[in-house]
Amino acid sequence: MPLQPLIIAAPASGSGKTTVTLALLAALRRRGLAIAPFKVGPDFIDPGHHAAVCGRPSRNLDGWMCGESGVRETFARGCAGAAVAVVEGVMGLFDGAAGDSDAGSTAEIARWLGGRILLVVDARSQARSAAALVQGFSRFDPRLEFAGVIFNRVGSARHAELLRAALASIPGLPPLLGCLPRKAELALPERHLGLVTAGETPPDDAFYERLADWLERHVDLDGLVGQRGQVLTFDGPVKGQDLTPRVRIAVARDEAFCFCYPENLELLKAAGAEIVPFSPLHDPALPAGIDGLYLPGGYPELHAERLAQNESLLREIREAATTGLPVYAECGGFMLLAESIDGRSMAGVFPARPLMLTKRKALGYREVTLMADSPLGPVGTVTRGHEFHYSEMELPEAVARTYRLRRPGDEDLGFEGYRVHNVLGSYVHLHFGSNLQVAANFVNFCLNNRCHGDTVSPWQKGGFSS
């Protein structure tokens, strides 16, 4: 039975949600509890840090991409074997895909899952005003349940006294569970896409111990963990029983290619794929006997020199792509298939060279409609994902465009999703949970390609549904 989650939220980004979440995860694990970690929204980096602390995957709960039923199923799947569920929110508590509703927000996820909200407030440069802020957030939506409040970045013992007095002066507010002092040494390193990934420079156990010490010293953890609310139940079983493997799909997984939703791989397995991890940084060749290739996103620009040195693998990827192997590549994986990155030669499947920009090129949710048959499905297939990158690639008009992109609200963003041979590359990170048929489509495309040994679209052969 799924657990009632504790949801770490804040009034705004930059309030310290991630640091508090990691400290809480470390403190709970120190107590011997099995923790199911989650992240609201499309982010890949925070879940990587959750997994490093908890020793199990952290899953994304994204209402816009996957809808309520998809979020509930992901949550139920992620809670298996856990004693407590902790969800890190995104942006401010009520911030989502629109200004006039909580769609895509942490508040929406809290409502769907019946979660208890721990509000983390950056208390710098305020005292009584912090109580007004808590009052506004805790009463904005009466359907939400608040476990309590933590004031973060508290400057002194006197500052903490003022904050406690301010909150106590207003009846009916959530309880104050602690005041966390400023600790610059506990900050996680950042770069252009956010935090540095856990796989690149994983903090050592001592760092997590310091986080746990910091939280336990200043927060009523027993009061927080000891709270019990109604346990949420779901109708029906968790879907997705793996089929006997019918195809082998190689998936890039290393420091350079670490942005992949767990559900994408699980849905591929459920559709009959054997997932074969490999490293473009370390492996000199693709795994043997594969029927398809999945290149997720990541930071190839930070590892361009090492990637370029792996000439045998790049050559094999290029030869496999040009001879018809089905390949799906997104964002960083798409860049690997370009001619070069920062002057260093890559696989050269697409006639383009990504240019790294000083300003963000794109950020936001995307709805994708297939305007032509592709390895992910026939024309008309609709799925959803997220785009976030600091590079751009200009491809010749001769390269086929497969996607029609739209923002939430149906704003048309034009064409994307580039195809050569059986290779589909895009800057959009698709969540296969937004359309459960997409993973099955890719598996079936790989199977059909192996059986027929050509590049004719299986959709043209009366193949598979959208």
# chains A, B, ... in the order shown; residues from 1 in each chain; ligands from 1
>>> residues_around(residues="Pro37 in chain A", least_positions_apart="6", cutoff="12 Å", atoms="only C-alpha atoms", output="ChimeraX atom specification")
/A:3,5-8,18,21-22,24-26,28-29,46-61,74-80,82-89
>>> write_last_selection(atoms="N, CA and C atoms", output="tab-separated table (two decimals), in the first residue's frame")
chain	number	residue	atom	x	y	z
A	3	LEU	N	2.52	4.86	0.67
A	3	LEU	CA	2.66	5.63	1.89
A	3	LEU	C	2.13	7.05	1.70
A	5	PRO	N	3.07	10.61	1.57
A	5	PRO	CA	4.39	11.23	1.40
A	5	PRO	C	4.56	12.51	2.21
A	6	LEU	N	5.81	12.77	2.58
A	6	LEU	CA	6.21	14.06	3.13
A	6	LEU	C	6.78	14.86	1.96
A	7	ILE	N	6.21	16.03	1.71
A	7	ILE	CA	6.56	16.81	0.53
A	7	ILE	C	7.31	18.06	0.95
A	8	ILE	N	8.56	18.19	0.50
A	8	ILE	CA	9.40	19.33	0.86
A	8	ILE	C	9.14	20.43	-0.16
A	18	THR	N	16.52	21.51	-1.85
A	18	THR	CA	17.36	20.34	-2.14
A	18	THR	C	18.27	20.01	-0.97
A	21	THR	N	16.16	18.55	1.74
A	21	THR	CA	15.73	17.20	1.35
A	21	THR	C	16.85	16.19	1.54
A	22	LEU	N	18.05	16.51	1.07
A	22	LEU	CA	19.18	15.59	1.21
A	22	LEU	C	19.53	15.37	2.68
A	24	LEU	N	17.42	15.54	5.17
A	24	LEU	CA	16.37	14.69	5.73
A	24	LEU	C	16.55	13.23	5.30
A	25	LEU	N	16.86	13.03	4.02
A	25	LEU	CA	17.09	11.67	3.54
A	25	LEU	C	18.25	11.01	4.28
A	26	ALA	N	19.32	11.76	4.49
A	26	ALA	CA	20.49	11.22	5.19
A	26	ALA	C	20.16	10.90	6.64
A	28	LEU	N	17.16	10.16	7.89
A	28	LEU	CA	16.25	9.02	7.94
A	28	LEU	C	16.98	7.71	7.65
A	29	ARG	N	17.90	7.76	6.69
A	29	ARG	CA	18.66	6.54	6.39
A	29	ARG	C	19.55	6.17	7.58
A	46	ASP	N	18.48	16.64	-9.34
A	46	ASP	CA	18.12	16.39	-7.94
A	46	ASP	C	17.84	14.91	-7.68
A	47	PRO	N	17.09	14.20	-8.55
A	47	PRO	CA	16.89	12.77	-8.30
A	47	PRO	C	18.19	11.97	-8.23
A	48	GLY	N	19.19	12.39	-8.99
A	48	GLY	CA	20.48	11.70	-8.91
A	48	GLY	C	21.11	11.82	-7.54
A	49	HIS	N	20.97	13.00	-6.93
A	49	HIS	CA	21.49	13.19	-5.57
A	49	HIS	C	20.65	12.41	-4.56
A	50	HIS	N	19.33	12.38	-4.75
A	50	HIS	CA	18.49	11.56	-3.86
A	50	HIS	C	18.96	10.11	-3.87
A	51	ALA	N	19.16	9.59	-5.08
A	51	ALA	CA	19.55	8.19	-5.22
A	51	ALA	C	20.89	7.91	-4.55
A	52	ALA	N	21.81	8.88	-4.63
A	52	ALA	CA	23.12	8.70	-4.01
A	52	ALA	C	22.99	8.57	-2.50
A	53	VAL	N	22.04	9.28	-1.90
A	53	VAL	CA	21.85	9.20	-0.45
A	53	VAL	C	21.08	7.94	-0.07
A	54	CYS	N	20.02	7.63	-0.82
A	54	CYS	CA	19.09	6.57	-0.42
A	54	CYS	C	19.49	5.19	-0.91
A	55	GLY	N	20.32	5.12	-1.95
A	55	GLY	CA	20.69	3.83	-2.49
A	55	GLY	C	19.59	3.18	-3.30
A	56	ARG	N	18.63	3.96	-3.79
A	56	ARG	CA	17.58	3.45	-4.66
A	56	ARG	C	17.14	4.59	-5.58
A	57	PRO	N	16.56	4.27	-6.73
A	57	PRO	CA	16.21	5.33	-7.70
A	57	PRO	C	15.22	6.33	-7.13
A	58	SER	N	15.37	7.57	-7.54
A	58	SER	CA	14.40	8.62	-7.25
A	58	SER	C	13.59	8.87	-8.52
A	59	ARG	N	12.28	8.96	-8.39
A	59	ARG	CA	11.40	9.06	-9.54
A	59	ARG	C	10.76	10.44	-9.64
A	60	ASN	N	10.50	10.85	-10.88
A	60	ASN	CA	9.87	12.14	-11.13
A	60	ASN	C	8.35	12.01	-11.10
A	61	LEU	N	7.72	12.91	-10.38
A	61	LEU	CA	6.27	13.01	-10.35
A	61	LEU	C	5.88	14.27	-11.10
A	74	THR	N	3.40	5.92	-10.75
A	74	THR	CA	4.83	6.09	-10.49
A	74	THR	C	5.10	6.11	-8.99
A	75	PHE	N	4.25	6.82	-8.25
A	75	PHE	CA	4.43	6.88	-6.79
A	75	PHE	C	4.26	5.50	-6.16
A	76	ALA	N	3.23	4.78	-6.57
A	76	ALA	CA	3.01	3.45	-6.01
A	76	ALA	C	4.18	2.52	-6.31
A	77	ARG	N	4.68	2.59	-7.54
A	77	ARG	CA	5.82	1.75	-7.92
A	77	ARG	C	7.05	2.12	-7.09
A	78	GLY	N	7.29	3.41	-6.91
A	78	GLY	CA	8.48	3.85	-6.19
A	78	GLY	C	8.45	3.56	-4.71
A	79	CYS	N	7.24	3.36	-4.14
A	79	CYS	CA	7.12	3.11	-2.70
A	79	CYS	C	7.37	1.66	-2.32
A	80	ALA	N	7.49	0.78	-3.30
A	80	ALA	CA	7.65	-0.64	-3.00
A	80	ALA	C	8.84	-0.88	-2.07
A	82	ALA	N	9.50	0.40	0.82
A	82	ALA	CA	9.96	1.55	1.60
A	82	ALA	C	9.10	1.75	2.86
A	83	ALA	N	9.70	2.38	3.86
A	83	ALA	CA	8.99	2.69	5.10
A	83	ALA	C	8.51	4.13	5.13
A	84	VAL	N	9.13	4.98	4.32
A	84	VAL	CA	8.76	6.39	4.28
A	84	VAL	C	8.99	6.92	2.88
A	85	ALA	N	8.14	7.85	2.46
A	85	ALA	CA	8.26	8.48	1.13
A	85	ALA	C	8.51	9.97	1.30
A	86	VAL	N	9.55	10.47	0.63
A	86	VAL	CA	9.92	11.88	0.69
A	86	VAL	C	9.93	12.44	-0.73
A	87	VAL	N	9.21	13.54	-0.94
A	87	VAL	CA	9.08	14.15	-2.25
A	87	VAL	C	9.65	15.56	-2.21
A	88	GLU	N	10.66	15.82	-3.02
A	88	GLU	CA	11.16	17.20	-3.15
A	88	GLU	C	10.34	17.94	-4.18
A	89	GLY	N	9.83	19.11	-3.81
A	89	GLY	CA	9.03	19.91	-4.72
A	89	GLY	C	9.85	20.62	-5.77
>>> residues_around(residues="Met335 in chain A", least_positions_apart="3", cutoff="8 Å", atoms="only C-alpha atoms", output="ChimeraX atom specification")
/A:300,331-332,338,341,353-354
>>> write_last_selection(atoms="N, CA and C atoms", output="short mmCIF file (atom, residue, chain, number, x, y, z; two decimals), in the first residue's frame")
data_model
loop_
_atom_site.label_atom_id
_atom_site.label_comp_id
_atom_site.auth_asym_id
_atom_site.auth_seq_id
_atom_site.Cartn_x
_atom_site.Cartn_y
_atom_site.Cartn_z
N PRO A 300 27.59 15.94 -22.40
CA PRO A 300 28.70 15.55 -23.28
C PRO A 300 29.68 16.68 -23.52
N CYS A 331 18.80 15.34 -26.57
CA CYS A 331 19.62 16.39 -25.99
C CYS A 331 21.10 16.01 -26.03
N GLY A 332 21.72 15.64 -24.91
CA GLY A 332 23.14 15.29 -24.93
C GLY A 332 23.45 14.14 -25.86
N ALA A 338 26.33 14.50 -33.47
CA ALA A 338 26.74 15.61 -34.33
C ALA A 338 28.15 15.37 -34.87
N ILE A 341 31.80 18.49 -31.09
CA ILE A 341 31.43 19.33 -29.95
C ILE A 341 32.67 20.11 -29.55
N ARG A 353 26.98 21.02 -35.97
CA ARG A 353 27.94 21.19 -34.88
C ARG A 353 27.28 22.07 -33.82
N PRO A 354 27.01 21.51 -32.62
CA PRO A 354 26.37 22.30 -31.57
C PRO A 354 27.26 23.45 -31.12
#
>>> residues_around(residues="Glu216 in chain A", least_positions_apart="5", cutoff="12 Å", atoms="only C-alpha atoms", output="mmCIF file with C-alpha atoms, in the first residue's frame")
data_model
loop_
_atom_site.group_PDB
_atom_site.id
_atom_site.type_symbol
_atom_site.label_atom_id
_atom_site.label_comp_id
_atom_site.auth_asym_id
_atom_site.auth_seq_id
_atom_site.Cartn_x
_atom_site.Cartn_y
_atom_site.Cartn_z
ATOM 1 C CA VAL A 20 17.008 20.203 3.317
ATOM 2 C CA ALA A 23 19.721 16.287 4.921
ATOM 3 C CA LEU A 24 16.366 14.690 5.727
ATOM 4 C CA LEU A 25 17.085 11.667 3.538
ATOM 5 C CA ALA A 26 20.494 11.219 5.190
ATOM 6 C CA ALA A 27 19.009 11.518 8.689
ATOM 7 C CA LEU A 28 16.246 9.016 7.938
ATOM 8 C CA ARG A 30 20.896 6.895 9.454
ATOM 9 C CA ARG A 31 17.899 5.640 11.435
ATOM 10 C CA LEU A 177 9.827 22.356 13.478
ATOM 11 C CA GLY A 178 13.183 24.084 13.423
ATOM 12 C CA CYS A 179 15.481 26.948 12.477
ATOM 13 C CA LEU A 180 18.460 25.960 10.331
ATOM 14 C CA GLU A 209 26.725 12.785 7.731
ATOM 15 C CA ARG A 210 27.303 16.536 8.155
ATOM 16 C CA LEU A 211 23.966 17.228 6.475
ATOM 17 C CA LEU A 221 12.873 15.214 13.441
ATOM 18 C CA ASP A 222 10.982 12.968 15.870
ATOM 19 C CA GLY A 223 8.011 15.318 15.709
ATOM 20 C CA LEU A 224 8.146 15.361 11.923
ATOM 21 C CA VAL A 225 8.603 11.633 11.341
#
>>> select_by_dssp(residues="range 16-153 of chain A", states="strand (DSSP E or B)", output="VMD selection string")
chain A and resid 35 to 40 59 to 61 84 to 88 116 to 122 145 to 153
>>> residues_around(residues="Gly380 in chain A", least_positions_apart="2", cutoff="12 Å", atoms="only C-alpha atoms", output="list in words")
Val368, Thr369, Leu370, Met371, Ala372, Asp373, Ser374, Leu376, Gly377, Pro378, Val382, Thr383, Thr402, Tyr403, Arg404, Val438, Trp459, Ser465 and Ser466 of chain A
>>> residues_around(residues="Arg253 in chain A", least_positions_apart="2", cutoff="9 Å", atoms="only C-alpha atoms", output="list in words")
Val251, Glu255, Ala256, Phe257, Cys258, Phe259, Cys260, Pro277, Phe278, Ser279, Pro280, Leu295 and Pro296 of chain A
>>> residues_around(residues="range 62-67 of chain A", least_positions_apart="4", cutoff="6 Å", atoms="only C-alpha atoms", output="list in words")
Val40, Gly41, Gly104, Arg384, Gly433 and Ser434 of chain A
>>> closest_residue(among="A:His389, A:Arg344, A:Arg315, A:Arg116", to="Arg360 in chain A", atoms="only C-alpha atoms")
A:His389
>>> closest_residue(among="A:Gly409, A:Leu167, A:Glu392, A:Arg124", to="Asp100 in chain A", atoms="only C-alpha atoms")
A:Gly409
